[in-house]
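Scroll down for the structure; my scribbles are underneath it.
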Amino acid sequence: GLRDQAAKLPEQLFDSGVLHGSERAGKWLQESLDEKLGTDLRTTTGKDGRKSYDGNVGRKTRAAIDEAIKQGKIRSVNNAMVDKRLEYMKGLPNYKANPGWIPRAESFRIGAFGPP
C-alpha cells in the first residue's frame, strides 16, 4: 500500500530526520497523521497530564500509517508533512542563505494524480 500510494513518504521521513533531527521528523509525521485521520498520537507526559508528540514511529504511528493507506489519505499526510517542513525552515534565521531547502522539501510533495 505505502509503496503504491506514497512511495516518497519513507524517503521524506529519512530526509527530514537527517536535516532536522529524527524526533522532529517523527513529530511532523504524527501531527500530519492526526490532522488527516482525526486520531491522537500524542502521549501523556509528566504529572500534569500534558500531551505531546514523542516523535517515535512506533506501533501506534505505524498503525495510523496503515489506516491512512486504507482510507486513501496517505498522500495528504505526506503533503502535510512537506508543509510542516516548509513552515519550520522559513522560520529559521539562516533560511535565506539556503535557497535549496525549499525545492528539496517540495521534491517530496505528491500530486493528486501524479506518481507516488
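By convention in this document, the chains of the C-alpha cells carry letters A, B, ... by their order, each chain's residues are numbered from 1, and ligands are numbered from 1 in the order they are shown.
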From a DSSP calculation on the backbone, collect every residue of chain A in strand (DSSP E or B) and output the set as a list in words.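 Output for chain A, strand (DSSP E or B) only: Thr43, Thr44, Thr45, Arg50, Lys51 and Ser52 of chain A.
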Dump of N, CA and C atoms for the selected residues, as a PDB file, in the first residue's frame:
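And here is the file that came out, selection-v5.pdb:
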ATOM      1  N   THR A  43       1.313  11.485  23.451  1.00  0.00           N
ATOM      2  CA  THR A  43       1.445  10.712  24.674  1.00  0.00           C
ATOM      3  C   THR A  43       1.379  11.675  25.854  1.00  0.00           C
ATOM      4  N   THR A  44       0.934  11.169  26.973  1.00  0.00           N
ATOM      5  CA  THR A  44       0.855  11.971  28.188  1.00  0.00           C
ATOM      6  C   THR A  44       2.231  12.004  28.834  1.00  0.00           C
ATOM      7  N   THR A  45       2.654  13.217  29.151  1.00  0.00           N
ATOM      8  CA  THR A  45       3.973  13.376  29.763  1.00  0.00           C
ATOM      9  C   THR A  45       3.833  14.122  31.088  1.00  0.00           C
ATOM     10  N   ARG A  50      -0.080  16.691  30.623  1.00  0.00           N
ATOM     11  CA  ARG A  50       0.041  17.305  29.295  1.00  0.00           C
ATOM     12  C   ARG A  50       0.336  16.244  28.246  1.00  0.00           C
ATOM     13  N   LYS A  51      -0.181  16.470  27.053  1.00  0.00           N
ATOM     14  CA  LYS A  51       0.050  15.540  25.950  1.00  0.00           C
ATOM     15  C   LYS A  51       0.957  16.216  24.928  1.00  0.00           C
ATOM     16  N   SER A  52       1.858  15.411  24.368  1.00  0.00           N
ATOM     17  CA  SER A  52       2.746  15.926  23.330  1.00  0.00           C
ATOM     18  C   SER A  52       3.154  14.773  22.419  1.00  0.00           C
TER      19      SER A  52
END
Please identify all polymer residues within 12 Å of Asp15 (chain A), counting only C-alpha atoms, omitting same-chain residues fewer than 2 positions from it, and present them as a VMD selection string. chain A and resid 8 to 13 17 to 22 24 to 26 81 to 82 85 101 104 to 108
Prev. selection, N, CA and C atoms, output as a compact mmCIF listing (two decimals), in the first residue's frame:
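Once everything was written out, this is out17.txt:
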# COMPACT_ATOMS: atom_id res chain seq x y z
N LYS A 8 7.11 8.27 -1.60
CA LYS A 8 8.02 9.33 -1.15
C LYS A 8 7.99 9.53 0.37
N LEU A 9 6.98 9.03 1.05
CA LEU A 9 6.87 9.27 2.49
C LEU A 9 8.06 8.72 3.28
N PRO A 10 8.46 7.46 3.10
CA PRO A 10 9.62 6.98 3.85
C PRO A 10 10.89 7.77 3.52
N GLU A 11 11.05 8.14 2.26
CA GLU A 11 12.21 8.94 1.87
C GLU A 11 12.16 10.31 2.55
N GLN A 12 10.97 10.90 2.60
CA GLN A 12 10.84 12.21 3.24
C GLN A 12 11.12 12.12 4.73
N LEU A 13 10.63 11.07 5.37
CA LEU A 13 10.88 10.89 6.80
C LEU A 13 12.38 10.79 7.06
N GLY A 17 14.66 13.60 8.93
CA GLY A 17 15.46 13.19 10.08
C GLY A 17 16.90 13.60 9.97
N VAL A 18 17.45 13.48 8.77
CA VAL A 18 18.85 13.88 8.55
C VAL A 18 19.00 15.39 8.70
N LEU A 19 18.10 16.15 8.08
CA LEU A 19 18.22 17.61 8.09
C LEU A 19 17.79 18.25 9.40
N HIS A 20 16.76 17.71 10.02
CA HIS A 20 16.14 18.41 11.15
C HIS A 20 16.09 17.60 12.44
N GLY A 21 16.58 16.38 12.40
CA GLY A 21 16.57 15.52 13.58
C GLY A 21 15.42 14.51 13.51
N SER A 22 15.70 13.30 13.91
CA SER A 22 14.69 12.24 13.79
C SER A 22 13.47 12.48 14.66
N ARG A 24 12.09 15.41 15.48
CA ARG A 24 11.25 16.42 14.82
C ARG A 24 10.53 15.81 13.61
N ALA A 25 11.25 15.01 12.83
CA ALA A 25 10.65 14.36 11.66
C ALA A 25 9.49 13.47 12.09
N GLY A 26 9.69 12.69 13.14
CA GLY A 26 8.63 11.83 13.65
C GLY A 26 7.44 12.61 14.15
N MET A 81 3.11 16.89 5.77
CA MET A 81 4.46 16.87 6.33
C MET A 81 5.38 17.82 5.56
N VAL A 82 5.24 17.87 4.25
CA VAL A 82 6.01 18.83 3.45
C VAL A 82 5.71 20.24 3.94
N ARG A 85 7.46 21.03 7.17
CA ARG A 85 8.90 21.26 6.95
C ARG A 85 9.14 22.66 6.42
N TRP A 101 16.75 24.65 0.20
CA TRP A 101 15.89 23.96 1.16
C TRP A 101 14.48 23.76 0.63
N ARG A 104 14.14 21.22 -2.20
CA ARG A 104 14.40 19.89 -1.66
C ARG A 104 13.16 19.36 -0.95
N ALA A 105 12.56 20.17 -0.09
CA ALA A 105 11.35 19.74 0.62
C ALA A 105 10.21 19.51 -0.36
N GLU A 106 10.04 20.42 -1.31
CA GLU A 106 8.95 20.30 -2.28
C GLU A 106 9.10 19.06 -3.17
N SER A 107 10.31 18.56 -3.31
CA SER A 107 10.52 17.37 -4.15
C SER A 107 9.81 16.14 -3.58
N PHE A 108 9.40 16.21 -2.32
CA PHE A 108 8.70 15.09 -1.71
C PHE A 108 7.18 15.22 -1.81
Quick one: DSSP alpha helix (DSSP H) residues in region 6-101 of chain A, as number ranges by chain? A: 6, 8-20, 22-37, 59-70, 74-90, 101
Region 7-60 of chain A near region 68-71 of chain A within 8 Å: what's each residue's closest atom pair and its distance in Å to one decimal, counting only C-alpha atoms, ordered by chain then ascending residue number, as JSON lines?
{"residue": "A:Leu33", "atom": "CA", "partner": "A:Ala68", "partner_atom": "CA", "distance": 7.4}
{"residue": "A:Lys36", "atom": "CA", "partner": "A:Ala68", "partner_atom": "CA", "distance": 8.0}
{"residue": "A:Leu37", "atom": "CA", "partner": "A:Ala68", "partner_atom": "CA", "distance": 6.8}
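Counting only C-alpha atoms, the residue from A:Pro93, A:Gly111, A:Gly100, A:Gly38 that sits nearest to Ala64 (chain A) is A:Gly38.
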To one decimal place, how far is CA of Arg109 (chain A) from CA of Asp4 (chain A) in Å?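 Answer for the CA of Arg109 (chain A) to CA of Asp4 (chain A) separation: 14.8 Å.
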